[in-house]
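S.K.: Handing over work08.cif, mmCIF, C-alpha atoms.
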```cif
data_my_file
loop_
_atom_site.label_atom_id
_atom_site.label_comp_id
_atom_site.auth_asym_id
_atom_site.auth_seq_id
_atom_site.Cartn_x
_atom_site.Cartn_y
_atom_site.Cartn_z
CA MET U 1 0.00 0.00 0.00
CA SER U 2 1.48 3.34 -1.02
CA PRO U 3 1.78 5.92 1.74
CA ILE U 4 -0.95 8.49 1.47
CA THR U 5 0.74 11.39 3.13
CA GLU U 6 3.53 13.73 2.19
CA LEU U 7 6.08 15.06 4.56
CA ILE U 8 5.80 18.81 4.77
CA GLY U 9 8.23 20.49 7.08
CA SER U 10 8.94 18.10 9.93
CA ALA U 11 5.50 16.57 10.26
CA LYS U 12 5.60 12.88 11.09
CA VAL U 13 3.03 10.92 9.20
CA TYR U 14 1.44 7.53 9.62
CA GLY U 15 -0.16 5.84 6.67
CA TRP U 16 -2.82 3.25 6.15
CA GLY U 17 -0.84 0.40 7.64
CA SER U 18 -0.90 1.84 11.14
CA PHE U 19 -4.59 0.99 11.57
CA SER U 20 -4.93 -2.78 11.86
CA GLU U 21 -8.70 -3.16 12.25
CA PRO U 22 -11.62 -1.03 11.07
CA LEU U 23 -13.96 0.37 13.70
CA PRO U 24 -17.03 -1.89 13.79
CA ALA U 25 -19.51 0.46 15.48
CA PHE U 26 -20.67 2.45 12.45
CA GLU U 27 -22.39 0.46 9.71
CA SER U 28 -24.05 1.42 6.48
CA ILE U 29 -27.70 0.32 6.16
CA ALA U 30 -29.09 1.74 2.93
CA THR U 31 -28.78 4.50 0.35
CA ALA U 32 -31.60 6.31 -1.44
CA THR U 33 -30.99 8.35 -4.58
CA VAL U 34 -33.45 10.46 -6.54
CA THR U 35 -33.51 9.23 -10.13
CA SER U 36 -36.66 10.99 -11.33
CA ALA U 37 -36.72 14.81 -11.34
CA GLY U 38 -39.31 16.23 -8.97
CA ALA U 39 -39.56 13.19 -6.73
CA SER U 40 -41.16 14.42 -3.53
CA SER U 41 -39.52 12.03 -1.12
CA VAL U 42 -37.14 9.22 -0.43
CA SER U 43 -37.70 6.70 2.34
CA PHE U 44 -35.85 4.31 4.56
CA SER U 45 -38.29 1.62 5.68
CA ASN U 46 -38.18 -1.40 7.95
CA ILE U 47 -35.18 -0.01 9.80
CA PRO U 48 -33.82 -2.68 12.12
CA SER U 49 -33.76 -1.95 15.84
CA THR U 50 -30.35 -3.49 16.31
CA TYR U 51 -28.40 -0.23 16.56
CA THR U 52 -28.35 2.47 19.22
CA HIS U 53 -28.37 5.58 17.04
CA LEU U 54 -28.92 6.37 13.40
CA GLN U 55 -27.27 8.91 11.16
CA ILE U 56 -28.29 10.06 7.70
CA ARG U 57 -25.68 11.80 5.55
CA GLY U 58 -26.52 13.23 2.19
CA ILE U 59 -26.36 15.77 -0.57
CA SER U 60 -29.49 17.36 -2.01
CA LYS U 61 -30.83 19.71 -4.63
CA GLU U 62 -34.30 21.07 -5.41
CA ASN U 63 -36.09 20.55 -8.73
CA GLU U 64 -36.43 24.29 -9.28
CA THR U 65 -34.64 26.78 -11.51
CA ASN U 66 -35.37 29.98 -9.56
CA ASP U 67 -32.73 31.36 -7.24
CA TYR U 68 -35.24 31.15 -4.42
CA PRO U 69 -38.96 30.71 -5.05
CA THR U 70 -41.59 32.53 -3.05
CA GLY U 71 -42.96 30.42 -0.27
CA PHE U 72 -40.16 27.91 -0.33
CA ALA U 73 -40.23 25.43 2.53
CA PRO U 74 -37.21 23.37 3.54
CA PHE U 75 -37.25 19.62 3.22
CA ARG U 76 -38.41 17.79 6.31
CA ILE U 77 -38.01 14.55 8.15
CA ILE U 78 -41.11 12.43 8.73
CA ILE U 79 -40.81 9.64 11.27
CA ASN U 80 -43.02 6.55 11.12
CA ASN U 81 -45.38 8.57 8.90
CA SER U 82 -45.98 11.09 11.71
CA TYR U 83 -45.73 14.85 11.18
CA ALA U 84 -46.15 15.56 14.89
CA THR U 85 -42.69 16.79 15.76
CA SER U 86 -41.48 20.04 17.22
CA GLY U 87 -38.25 21.69 16.26
CA HIS U 88 -35.96 24.62 16.82
CA GLY U 89 -32.55 25.76 15.74
CA MET U 90 -30.61 28.54 14.17
CA TYR U 91 -29.45 29.34 10.71
CA SER U 92 -27.89 32.10 8.73
CA ASN U 93 -27.94 33.03 5.08
CA LEU U 94 -26.69 35.96 3.14
CA ALA U 95 -30.20 37.32 2.67
CA GLY U 96 -30.34 38.31 6.34
CA THR U 97 -27.98 39.62 8.91
CA ASN U 98 -26.22 37.38 11.38
CA ALA U 99 -27.80 34.18 12.60
CA LEU U 100 -31.51 33.75 13.13
CA ALA U 101 -33.23 31.45 15.57
CA TYR U 102 -36.46 29.60 14.89
CA GLY U 103 -38.84 27.23 16.62
CA TYR U 104 -42.21 25.61 16.06
CA PRO U 105 -44.48 23.29 18.05
CA SER U 106 -45.53 19.78 17.13
CA SER U 107 -49.11 20.98 16.71
CA GLN U 108 -48.06 22.59 13.41
CA GLY U 109 -47.56 19.17 11.95
CA ASN U 110 -44.40 20.04 10.05
CA GLY U 111 -42.14 17.10 10.61
CA VAL U 112 -38.57 18.14 11.39
CA LYS U 113 -37.74 20.97 9.03
CA VAL U 114 -34.13 21.01 7.82
CA TYR U 115 -33.12 24.56 7.01
CA GLY U 116 -30.16 25.64 4.94
CA SER U 117 -30.65 23.09 2.18
CA TYR U 118 -31.84 25.05 -0.86
CA ILE U 119 -29.83 24.69 -4.06
CA PRO U 120 -31.72 24.94 -7.38
CA THR U 121 -30.98 23.21 -10.64
CA GLY U 122 -29.65 24.33 -13.94
CA GLY U 123 -27.46 27.06 -15.27
CA ASN U 124 -24.88 28.37 -12.89
CA TYR U 125 -26.04 25.94 -10.19
CA ALA U 126 -25.06 22.88 -12.15
CA ASN U 127 -22.98 20.51 -10.05
CA MET U 128 -23.80 22.28 -6.77
CA TYR U 129 -25.48 20.39 -3.94
CA SER U 130 -26.27 21.18 -0.35
CA ALA U 131 -25.21 18.73 2.37
CA SER U 132 -26.78 17.50 5.58
CA ILE U 133 -26.10 15.27 8.56
CA ILE U 134 -29.13 14.14 10.55
CA ASP U 135 -28.82 12.18 13.80
CA PHE U 136 -31.51 10.13 15.52
CA ILE U 137 -30.50 9.51 19.10
CA ASP U 138 -31.57 6.30 20.86
CA TYR U 139 -34.00 5.68 18.03
CA ALA U 140 -35.09 2.20 19.13
CA ASN U 141 -35.48 2.91 22.83
CA THR U 142 -39.12 2.25 23.75
CA SER U 143 -38.82 4.10 27.05
CA LYS U 144 -37.97 7.46 25.51
CA ASN U 145 -39.36 10.02 23.17
CA LYS U 146 -37.00 10.63 20.29
CA THR U 147 -34.50 13.42 19.71
CA ILE U 148 -33.22 14.43 16.30
CA ARG U 149 -30.30 16.71 15.53
CA TYR U 150 -29.25 18.10 12.17
CA PHE U 151 -26.47 20.12 10.57
CA CYS U 152 -27.10 21.39 7.06
CA GLY U 153 -25.64 23.90 4.65
CA SER U 154 -25.49 25.15 1.11
CA ASN U 155 -23.02 27.36 -0.70
CA SER U 156 -23.21 28.75 -4.22
CA ASN U 157 -20.19 31.08 -4.17
CA THR U 158 -21.66 34.39 -5.38
CA LEU U 159 -25.08 33.21 -6.53
CA GLY U 160 -28.35 33.90 -4.71
CA PRO U 161 -28.05 34.99 -1.07
CA ASN U 162 -30.58 32.38 0.05
CA ASN U 163 -28.44 29.64 -1.43
CA ARG U 164 -25.60 30.36 0.92
CA ALA U 165 -26.89 29.13 4.25
CA VAL U 166 -25.87 27.04 7.21
CA ALA U 167 -28.13 25.71 9.94
CA VAL U 168 -28.09 23.58 13.05
CA GLY U 169 -31.30 22.31 14.54
CA SER U 170 -33.06 19.90 16.81
CA GLY U 171 -36.33 18.05 16.64
CA ALA U 172 -38.43 15.98 19.00
CA TRP U 173 -40.79 13.17 18.10
CA TYR U 174 -43.22 12.58 20.91
CA SER U 175 -43.38 8.82 20.78
CA THR U 176 -41.75 5.96 22.63
CA SER U 177 -42.09 3.73 19.59
CA ALA U 178 -38.94 2.60 17.88
CA ILE U 179 -38.21 4.48 14.67
CA THR U 180 -38.75 2.07 11.82
CA ASP U 181 -39.40 4.43 8.94
CA ILE U 182 -37.77 7.74 7.97
CA ARG U 183 -39.02 9.74 5.03
CA ILE U 184 -37.17 12.79 3.65
CA GLU U 185 -39.83 14.89 2.02
CA ASN U 186 -40.02 17.97 -0.18
CA THR U 187 -43.64 18.47 -1.20
CA PHE U 188 -43.10 22.10 -2.23
CA ILE U 189 -40.83 21.56 -5.23
CA GLY U 190 -39.48 18.05 -5.21
CA PHE U 191 -35.88 16.95 -5.40
CA ALA U 192 -33.56 17.02 -8.38
CA VAL U 193 -31.91 13.95 -9.84
CA GLY U 194 -28.80 13.06 -7.92
CA ALA U 195 -30.02 14.00 -4.46
CA THR U 196 -28.75 11.15 -2.30
CA TRP U 197 -28.99 10.17 1.35
CA SER U 198 -27.33 7.28 3.12
CA LEU U 199 -28.49 5.73 6.38
CA TYR U 200 -25.99 4.47 8.92
CA GLY U 201 -26.44 2.57 12.17
CA ILE U 202 -24.27 3.28 15.19
CA LYS U 203 -23.81 0.63 17.81
CA GLY U 204 -23.65 1.64 21.45
CA MET T 1 -13.32 -3.83 0.97
CA PRO T 2 -13.19 -0.78 3.25
CA ALA T 3 -15.25 -0.78 6.39
CA THR T 4 -18.08 1.73 6.74
CA TYR T 5 -16.20 4.17 8.96
CA GLU T 6 -12.51 3.71 9.31
CA PRO T 7 -9.40 5.78 9.95
CA ILE T 8 -7.31 6.46 6.88
CA ALA T 9 -4.32 8.36 8.27
CA THR T 10 -3.22 10.49 11.16
CA THR T 11 -0.44 12.98 11.77
CA THR T 12 0.78 14.57 14.99
CA LEU T 13 3.12 17.47 14.50
CA SER T 14 6.52 17.21 16.12
CA VAL T 15 7.38 20.82 15.31
CA ASP T 16 5.39 23.93 14.49
CA THR T 17 4.21 23.61 10.90
CA ASN T 18 2.33 25.88 8.52
CA THR T 19 0.99 23.24 6.16
CA ILE T 20 0.16 19.57 6.37
CA THR T 21 -0.94 17.59 3.34
CA PHE T 22 -2.58 14.21 2.97
CA ALA T 23 -1.93 12.95 -0.56
CA ASN T 24 -2.90 9.89 -2.56
CA ILE T 25 -6.16 9.56 -0.67
CA SER T 26 -8.01 6.32 -1.30
CA GLN T 27 -10.96 6.68 -3.67
CA SER T 28 -12.82 3.84 -2.00
CA TYR T 29 -15.08 5.85 0.32
CA THR T 30 -18.14 8.09 -0.02
CA ASP T 31 -17.36 10.87 2.48
CA ILE T 32 -14.24 11.99 4.29
CA VAL T 33 -14.29 13.22 7.88
CA ALA T 34 -11.25 15.16 9.05
CA ILE T 35 -10.58 15.89 12.68
CA VAL T 36 -8.16 18.63 13.74
CA ASN T 37 -7.31 18.90 17.41
CA GLY T 38 -4.62 21.31 18.45
CA THR T 39 -3.47 24.87 18.70
CA SER T 40 -1.93 27.48 16.47
CA ASP T 41 0.15 30.55 17.08
CA THR T 42 -2.09 32.80 15.07
CA THR T 43 -5.67 33.91 15.11
CA LEU T 44 -5.73 34.08 11.33
CA SER T 45 -7.99 31.72 9.47
CA HIS T 46 -7.36 28.10 8.81
CA ARG T 47 -7.87 26.89 5.28
CA LEU T 48 -8.66 23.63 3.56
CA GLN T 49 -7.31 23.16 0.04
CA PHE T 50 -7.92 20.27 -2.34
CA ASN T 51 -5.68 18.77 -4.97
CA ASN T 52 -3.27 21.72 -4.66
CA ASP T 53 -5.83 23.82 -6.50
CA ALA T 54 -4.77 27.45 -6.00
CA GLY T 55 -7.44 28.89 -8.28
CA SER T 56 -10.27 31.10 -7.03
CA ASN T 57 -12.50 28.09 -6.61
CA TYR T 58 -13.32 28.11 -2.90
CA SER T 59 -16.13 29.77 -0.99
CA ASN T 60 -17.99 29.43 2.26
CA ASN T 61 -20.66 30.91 4.49
CA PHE T 62 -20.68 30.63 8.24
CA PHE T 63 -21.98 31.76 11.55
CA SER T 64 -20.11 31.87 14.82
CA GLY T 65 -20.63 32.94 18.38
CA ASN T 66 -18.11 33.96 20.96
CA SER T 67 -17.95 34.16 24.70
CA GLY T 68 -18.69 37.86 24.56
CA GLY T 69 -22.16 37.06 23.28
CA THR T 70 -21.47 38.21 19.76
CA VAL T 71 -22.99 36.23 16.91
CA THR T 72 -21.46 36.77 13.51
CA ALA T 73 -22.46 35.54 10.07
CA GLY T 74 -20.58 36.03 6.86
CA ASN T 75 -19.08 34.49 3.77
CA THR T 76 -16.07 34.32 1.52
CA THR T 77 -16.20 34.00 -2.26
CA ASN T 78 -13.73 33.14 -5.00
CA ASP T 79 -11.04 32.32 -2.46
CA SER T 80 -7.79 30.99 -3.90
CA VAL T 81 -6.28 29.65 -0.67
CA GLY T 82 -9.01 27.25 0.43
CA ILE T 83 -12.20 26.82 2.42
CA ARG T 84 -12.04 28.72 5.70
CA PHE T 85 -12.89 26.16 8.36
CA ALA T 86 -12.29 28.27 11.45
CA SER T 87 -13.07 31.74 12.61
CA GLN T 88 -10.60 34.48 13.22
CA GLN T 89 -10.67 33.84 16.95
CA VAL T 90 -9.05 30.43 17.07
CA GLY T 91 -5.74 29.58 18.59
CA VAL T 92 -3.05 31.08 20.77
CA SER T 93 -3.34 28.82 23.79
CA ALA T 94 -0.65 26.20 24.16
CA THR T 95 -2.71 24.13 26.60
CA LEU T 96 -6.30 24.51 25.41
CA PRO T 97 -6.66 22.85 22.01
CA TYR T 98 -9.53 23.54 19.65
CA PHE T 99 -11.47 20.81 17.93
CA ALA T 100 -12.61 20.91 14.32
CA ARG T 101 -14.72 18.29 12.58
CA ILE T 102 -14.80 18.64 8.82
CA ASN T 103 -17.20 16.63 6.67
CA ILE T 104 -16.38 16.36 2.97
CA PHE T 105 -19.30 14.88 1.06
CA SER T 106 -19.19 12.62 -2.00
CA TYR T 107 -15.56 13.48 -2.57
CA THR T 108 -15.11 11.15 -5.55
CA ASN T 109 -18.14 12.08 -7.62
CA ASN T 110 -18.23 14.57 -10.49
CA TYR T 111 -20.17 17.28 -8.63
CA PHE T 112 -18.70 20.31 -6.93
CA LYS T 113 -17.61 19.36 -3.42
CA THR T 114 -19.61 20.51 -0.41
CA VAL T 115 -18.06 20.71 3.04
CA LEU T 116 -19.78 21.08 6.41
CA SER T 117 -17.62 21.76 9.42
CA THR T 118 -17.79 22.90 13.00
CA LEU T 119 -15.14 24.17 15.33
CA ALA T 120 -15.19 24.35 19.11
CA ASN T 121 -12.65 26.54 20.83
CA THR T 122 -12.51 27.53 24.47
CA GLN T 123 -9.61 29.63 25.67
CA GLY T 124 -10.08 29.96 29.40
CA ALA T 125 -12.98 32.30 29.97
CA GLY T 126 -13.19 33.08 26.27
CA GLY T 127 -13.62 31.22 23.04
CA ASP T 128 -15.96 30.65 20.16
CA VAL T 129 -17.91 28.13 18.15
CA TYR T 130 -18.11 28.13 14.39
CA ALA T 131 -20.26 26.35 11.81
CA GLN T 132 -19.78 26.68 8.12
CA CYS T 133 -20.69 25.32 4.70
CA GLY T 134 -17.98 25.44 2.08
CA LEU T 135 -17.77 24.69 -1.62
CA TRP T 136 -14.93 23.69 -3.91
CA ARG T 137 -15.99 24.35 -7.47
CA SER T 138 -14.31 21.41 -9.09
CA GLN T 139 -15.70 18.19 -10.49
CA SER T 140 -12.44 16.39 -9.83
CA SER T 141 -12.24 13.65 -7.28
CA ILE T 142 -10.36 14.75 -4.18
CA SER T 143 -7.02 13.00 -4.00
CA SER T 144 -5.21 15.34 -1.61
CA ILE T 145 -6.22 17.54 1.30
CA LYS T 146 -4.05 20.37 2.57
CA PHE T 147 -4.53 22.10 5.92
CA THR T 148 -2.83 25.45 5.96
CA LEU T 149 -2.78 28.81 7.69
CA THR T 150 -2.64 32.12 5.87
CA SER T 151 0.28 32.89 8.17
CA GLY T 152 1.83 31.38 11.28
CA ASN T 153 1.93 27.73 12.27
CA TYR T 154 0.01 24.91 13.76
CA LYS T 155 1.78 24.12 17.01
CA ALA T 156 3.68 20.93 17.71
CA GLY T 157 1.30 18.38 19.15
CA THR T 158 -1.59 19.28 16.85
CA THR T 159 -3.22 16.17 15.41
CA PHE T 160 -4.87 15.76 12.01
CA THR T 161 -6.84 12.59 11.34
CA LEU T 162 -8.79 11.46 8.29
CA TYR T 163 -11.63 8.94 8.34
CA GLY T 164 -13.41 7.39 5.39
CA ILE T 165 -17.17 6.69 5.40
CA LEU T 166 -18.60 4.23 2.89
CA LYS T 167 -22.29 4.23 2.04
CA ALA T 168 -24.33 1.12 1.41
#
```
Any chance you could give the structure as structure tokens?
M.R.:
Amino acid sequence: MSPITELIGSAKVYGWGSFSEPLPAFESIATATVTSAGASSVSFSNIPSTYTHLQIRGISKENETNDYPTGFAPFRIIINNSYATSGHGMYSNLAGTNALAYGYPSSQGNGVKVYGSYIPTGGNYANMYSASIIDFIDYANTSKNKTIRYFCGSNSNTLGPNNRAVAVGSGAWYSTSAITDIRIENTFIGFAVGATWSLYGIKG
Amino acid sequence: MPATYEPIATTTLSVDTNTITFANISQSYTDIVAIVNGTSDTTLSHRLQFNNDAGSNYSNNFFSGNSGGTVTAGNTTNDSVGIRFASQQVGVSATLPYFARINIFSYTNNYFKTVLSTLANTQGAGGDVYAQCGLWRSQSSISSIKFTLTSGNYKAGTTFTLYGILKA
């Protein structure tokens, strides 16, 4: 195996061979990719309860050509087909000043809204995608309600102030049921081809 | 066959160093996670450069908060040094290291590369936290990652570690 590091200055470097065994606690479960433009959701179903936490990592893009359409709503996380989640967090984009905080109750029936994700298709936005990391803590524990955490962002260099955003947020699903189904949904515009999310299980 | 989440390489500096590069990165994973834990002798921004690309192909947007209660948001565009993954307030303590986690998504595909990173830095009674989204406007697969400072050095003892994550 060729070394994968260069020596710059006096930095000592250890290559691939120094790690004898891969870490077994983080496993890939499934990947969902949008192959039809405008698809409104992707889903992970029949999620096994054999892990302690779940993480979704992905890149996304909206099926929309406008810099930022009026009334845009961020994509959201729907758990076990329930929209009854509350959420809060903070985000910033170049359309506003500094960071803004938000919050909403479960009675609004929104799912967990993931801000900071908007990147349109076409033209100067070709090849650009937003990215997100979504964590589901203790997802199979039947003695607890469920906590979700996300980190999401988009950057388009100089294009569209709303397409340069970063957000961190939290959600709560008021159920002690194990999470068996996660749907990532964008009913406003739909996703563009190439939007992809991967589900991972973390053993505790 | 790589495991789902495994360490690729790590480096601990034995002397103060301005730049550290990981080259010939395996193309077998989906995402890369880089962890930087250490100190620097400058408060100037830390940059992440890919494939030795010194063109104006980097940009980011961020928000940060410091111990003085100030929240700041901003951006950089058409940067030729790299993606700024830390605020201007990082560093200068020899005993209180900062911690940066840098997520590089789909680093081998033919899209532009999106980066999400956070940095936690407490310097006694002061410090800051930083979250950013960066973009490298290149469709090339990432084969090298360079951590650098616009001036000054990472201090001896600073550790840089890369992990690979493989999707199903």
S.K.: Starting from the displayed file, determine the output of the PyMOL selection byres ((chain T) within 7 of (chain U)) and express the residue list as a VMD selection string.
M.R.: chain T and resid 3 to 15 17 19 to 25 59 to 63 71 to 73 77 to 78 111 to 112 114 116 132 to 135 167 to 168
S.K.: Find the residues around Ser82 of chain U up to 10 Å (only C-alpha atoms counted), leave out those fewer than 2 positions away in its own chain, and share them as a list of chain:residue names.
M.R.: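 Here the qualifying residues turn out to be U:Ile77, U:Ile78, U:Ile79, U:Asn80, U:Ala84, U:Thr85, U:Gly109, U:Asn110, U:Gly111, U:Trp173, U:Tyr174, U:Ser175, U:Asp181, U:Ile182, U:Arg183.
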S.K.: Env of Ser67 of chain T: 9 Å cut, atoms = all atoms listed in the file, seq-sep filter 3 positions within chain, self excluded. Answer as a list in words.
M.R.: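 Those residues are Thr70, Thr122, Ala125, Gly126, Gly127, Asp128 and Val129 of chain T.
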S.K.: Which is closer to Lys146 of chain T than all the others in T:Tyr29, T:Phe50, T:Tyr98, T:Tyr163, using all atoms listed in the file?
M.R.: T:Phe50
S.K.: On this file, the PyMOL selection byres ((chain T and resi 121) around 12) gives some set of residues; write that set as an MDAnalysis selection string.
M.R.: chainID T and resid 36:40 43 64:67 86:93 95:101 118:120 122:131
S.K.: Write the residues you've just listed into a file as a PDB file, in the frame of the given file, and include C-alpha atoms for each of them.
M.R.:
```pdb
ATOM      1  CA  VAL T  36      -8.160  18.630  13.740  1.00  0.00           C
ATOM      2  CA  ASN T  37      -7.310  18.900  17.410  1.00  0.00           C
ATOM      3  CA  GLY T  38      -4.620  21.310  18.450  1.00  0.00           C
ATOM      4  CA  THR T  39      -3.470  24.870  18.700  1.00  0.00           C
ATOM      5  CA  SER T  40      -1.930  27.480  16.470  1.00  0.00           C
ATOM      6  CA  THR T  43      -5.670  33.910  15.110  1.00  0.00           C
ATOM      7  CA  SER T  64     -20.110  31.870  14.820  1.00  0.00           C
ATOM      8  CA  GLY T  65     -20.630  32.940  18.380  1.00  0.00           C
ATOM      9  CA  ASN T  66     -18.110  33.960  20.960  1.00  0.00           C
ATOM     10  CA  SER T  67     -17.950  34.160  24.700  1.00  0.00           C
ATOM     11  CA  ALA T  86     -12.290  28.270  11.450  1.00  0.00           C
ATOM     12  CA  SER T  87     -13.070  31.740  12.610  1.00  0.00           C
ATOM     13  CA  GLN T  88     -10.600  34.480  13.220  1.00  0.00           C
ATOM     14  CA  GLN T  89     -10.670  33.840  16.950  1.00  0.00           C
ATOM     15  CA  VAL T  90      -9.050  30.430  17.070  1.00  0.00           C
ATOM     16  CA  GLY T  91      -5.740  29.580  18.590  1.00  0.00           C
ATOM     17  CA  VAL T  92      -3.050  31.080  20.770  1.00  0.00           C
ATOM     18  CA  SER T  93      -3.340  28.820  23.790  1.00  0.00           C
ATOM     19  CA  THR T  95      -2.710  24.130  26.600  1.00  0.00           C
ATOM     20  CA  LEU T  96      -6.300  24.510  25.410  1.00  0.00           C
ATOM     21  CA  PRO T  97      -6.660  22.850  22.010  1.00  0.00           C
ATOM     22  CA  TYR T  98      -9.530  23.540  19.650  1.00  0.00           C
ATOM     23  CA  PHE T  99     -11.470  20.810  17.930  1.00  0.00           C
ATOM     24  CA  ALA T 100     -12.610  20.910  14.320  1.00  0.00           C
ATOM     25  CA  ARG T 101     -14.720  18.290  12.580  1.00  0.00           C
ATOM     26  CA  THR T 118     -17.790  22.900  13.000  1.00  0.00           C
ATOM     27  CA  LEU T 119     -15.140  24.170  15.330  1.00  0.00           C
ATOM     28  CA  ALA T 120     -15.190  24.350  19.110  1.00  0.00           C
ATOM     29  CA  THR T 122     -12.510  27.530  24.470  1.00  0.00           C
ATOM     30  CA  GLN T 123      -9.610  29.630  25.670  1.00  0.00           C
ATOM     31  CA  GLY T 124     -10.080  29.960  29.400  1.00  0.00           C
ATOM     32  CA  ALA T 125     -12.980  32.300  29.970  1.00  0.00           C
ATOM     33  CA  GLY T 126     -13.190  33.080  26.270  1.00  0.00           C
ATOM     34  CA  GLY T 127     -13.620  31.220  23.040  1.00  0.00           C
ATOM     35  CA  ASP T 128     -15.960  30.650  20.160  1.00  0.00           C
ATOM     36  CA  VAL T 129     -17.910  28.130  18.150  1.00  0.00           C
ATOM     37  CA  TYR T 130     -18.110  28.130  14.390  1.00  0.00           C
ATOM     38  CA  ALA T 131     -20.260  26.350  11.810  1.00  0.00           C
TER      39      ALA T 131
END
```
S.K.: Can you work out which one of U:Val34, U:Ala172, U:Ile134, U:Ala140 has the shortest atom-to-atom distance to Lys61 of chain U, counting all atoms listed in the file?
M.R.: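 Using all atoms listed in the file, the shortest distance to Lys61 of chain U belongs to U:Val34.
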S.K.: Check which residues satisfy the PyMOL selection byres ((chain T and resi 108) around 10) in the file shown, then give them as a list in words.
M.R.: Ser26, Gln27, Ser28, Tyr29, Thr30, Asp31, Ile32, Phe105, Ser106, Tyr107, Asn109, Asn110, Tyr111, Phe112, Lys113, Gln139, Ser140, Ser141, Ile142 and Ser143 of chain T
S.K.: What does the file look like for those residues with C-alpha atoms, as a compact mmCIF listing (two decimals), in the frame of the given file?
M.R.:
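Now in again_37.txt:
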```
# COMPACT_ATOMS: atom_id res chain seq x y z
CA SER T 26 -8.01 6.32 -1.30
CA GLN T 27 -10.96 6.68 -3.67
CA SER T 28 -12.82 3.84 -2.00
CA TYR T 29 -15.08 5.85 0.32
CA THR T 30 -18.14 8.09 -0.02
CA ASP T 31 -17.36 10.87 2.48
CA ILE T 32 -14.24 11.99 4.29
CA PHE T 105 -19.30 14.88 1.06
CA SER T 106 -19.19 12.62 -2.00
CA TYR T 107 -15.56 13.48 -2.57
CA ASN T 109 -18.14 12.08 -7.62
CA ASN T 110 -18.23 14.57 -10.49
CA TYR T 111 -20.17 17.28 -8.63
CA PHE T 112 -18.70 20.31 -6.93
CA LYS T 113 -17.61 19.36 -3.42
CA GLN T 139 -15.70 18.19 -10.49
CA SER T 140 -12.44 16.39 -9.83
CA SER T 141 -12.24 13.65 -7.28
CA ILE T 142 -10.36 14.75 -4.18
CA SER T 143 -7.02 13.00 -4.00
```
S.K.: Could you please determine the separation between atom CA of Gly157 of chain T and atom CA of Asn52 of chain T in Å, to one decimal place?
M.R.: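 Atom CA of Asn52 of chain T lies at a distance of 24.5 Å from atom CA of Gly157 of chain T.
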S.K.: Can you report as JSON the centre and edge lengths in Å, to one decimal, of an axis-aligned box around the listed atoms of segment 166-170 of chain U padded with 3 Å on each side?
M.R.:
```
{"center_x": -29.5, "center_y": 23.5, "center_z": 12.0, "size_x": 13.2, "size_y": 13.1, "size_z": 15.6}
```
S.K.: Hey, can you pull every residue with an atom no more than 9 Å from (-36.3, 4.2, 14.0), using only C-alpha atoms, and send it as a ChimeraX atom specification?
M.R.: /U:45-49,53-54,79-80,136,138-141,177-182
S.K.: Check the smallest atom-to-atom distance from each of T:Arg47, T:Gly82, T:Lys155, T:Ile102 to Val33 of chain T using only C-alpha atoms, then report the winner.
M.R.: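 Ranked by minimum distance to Val33 of chain T, first place goes to T:Ile102.
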S.K.: Just to confirm, what's the straight-line distance from atom CA of Gly38 of chain U to atom CA of Ser60 of chain U in Å (one decimal)?
M.R.: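 Separation between atom CA of Gly38 of chain U and atom CA of Ser60 of chain U: 12.1 Å.
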S.K.: Which value, in Å to one decimal, gives the distance between atom CA of Ala192 of chain U and atom CA of Val114 of chain U?
M.R.: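 Computing it gives 16.7 Å between the two atoms.
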S.K.: For a cut-off of 8 Å around (-36.7, 29.7, 19.5), file coordinates, pick out all residues using all atoms listed in the file and list them as JSON, numbers by chain.
M.R.: {"U": [88, 89, 101, 102, 103, 104]}
S.K.: Take the selection from the previous step and output its residues with C-alpha atoms, as a PDB file, in the frame of the given file.
M.R.:
```
ATOM      1  CA  HIS U  88     -35.960  24.620  16.820  1.00  0.00           C
ATOM      2  CA  GLY U  89     -32.550  25.760  15.740  1.00  0.00           C
ATOM      3  CA  ALA U 101     -33.230  31.450  15.570  1.00  0.00           C
ATOM      4  CA  TYR U 102     -36.460  29.600  14.890  1.00  0.00           C
ATOM      5  CA  GLY U 103     -38.840  27.230  16.620  1.00  0.00           C
ATOM      6  CA  TYR U 104     -42.210  25.610  16.060  1.00  0.00           C
TER       7      TYR U 104
END
```
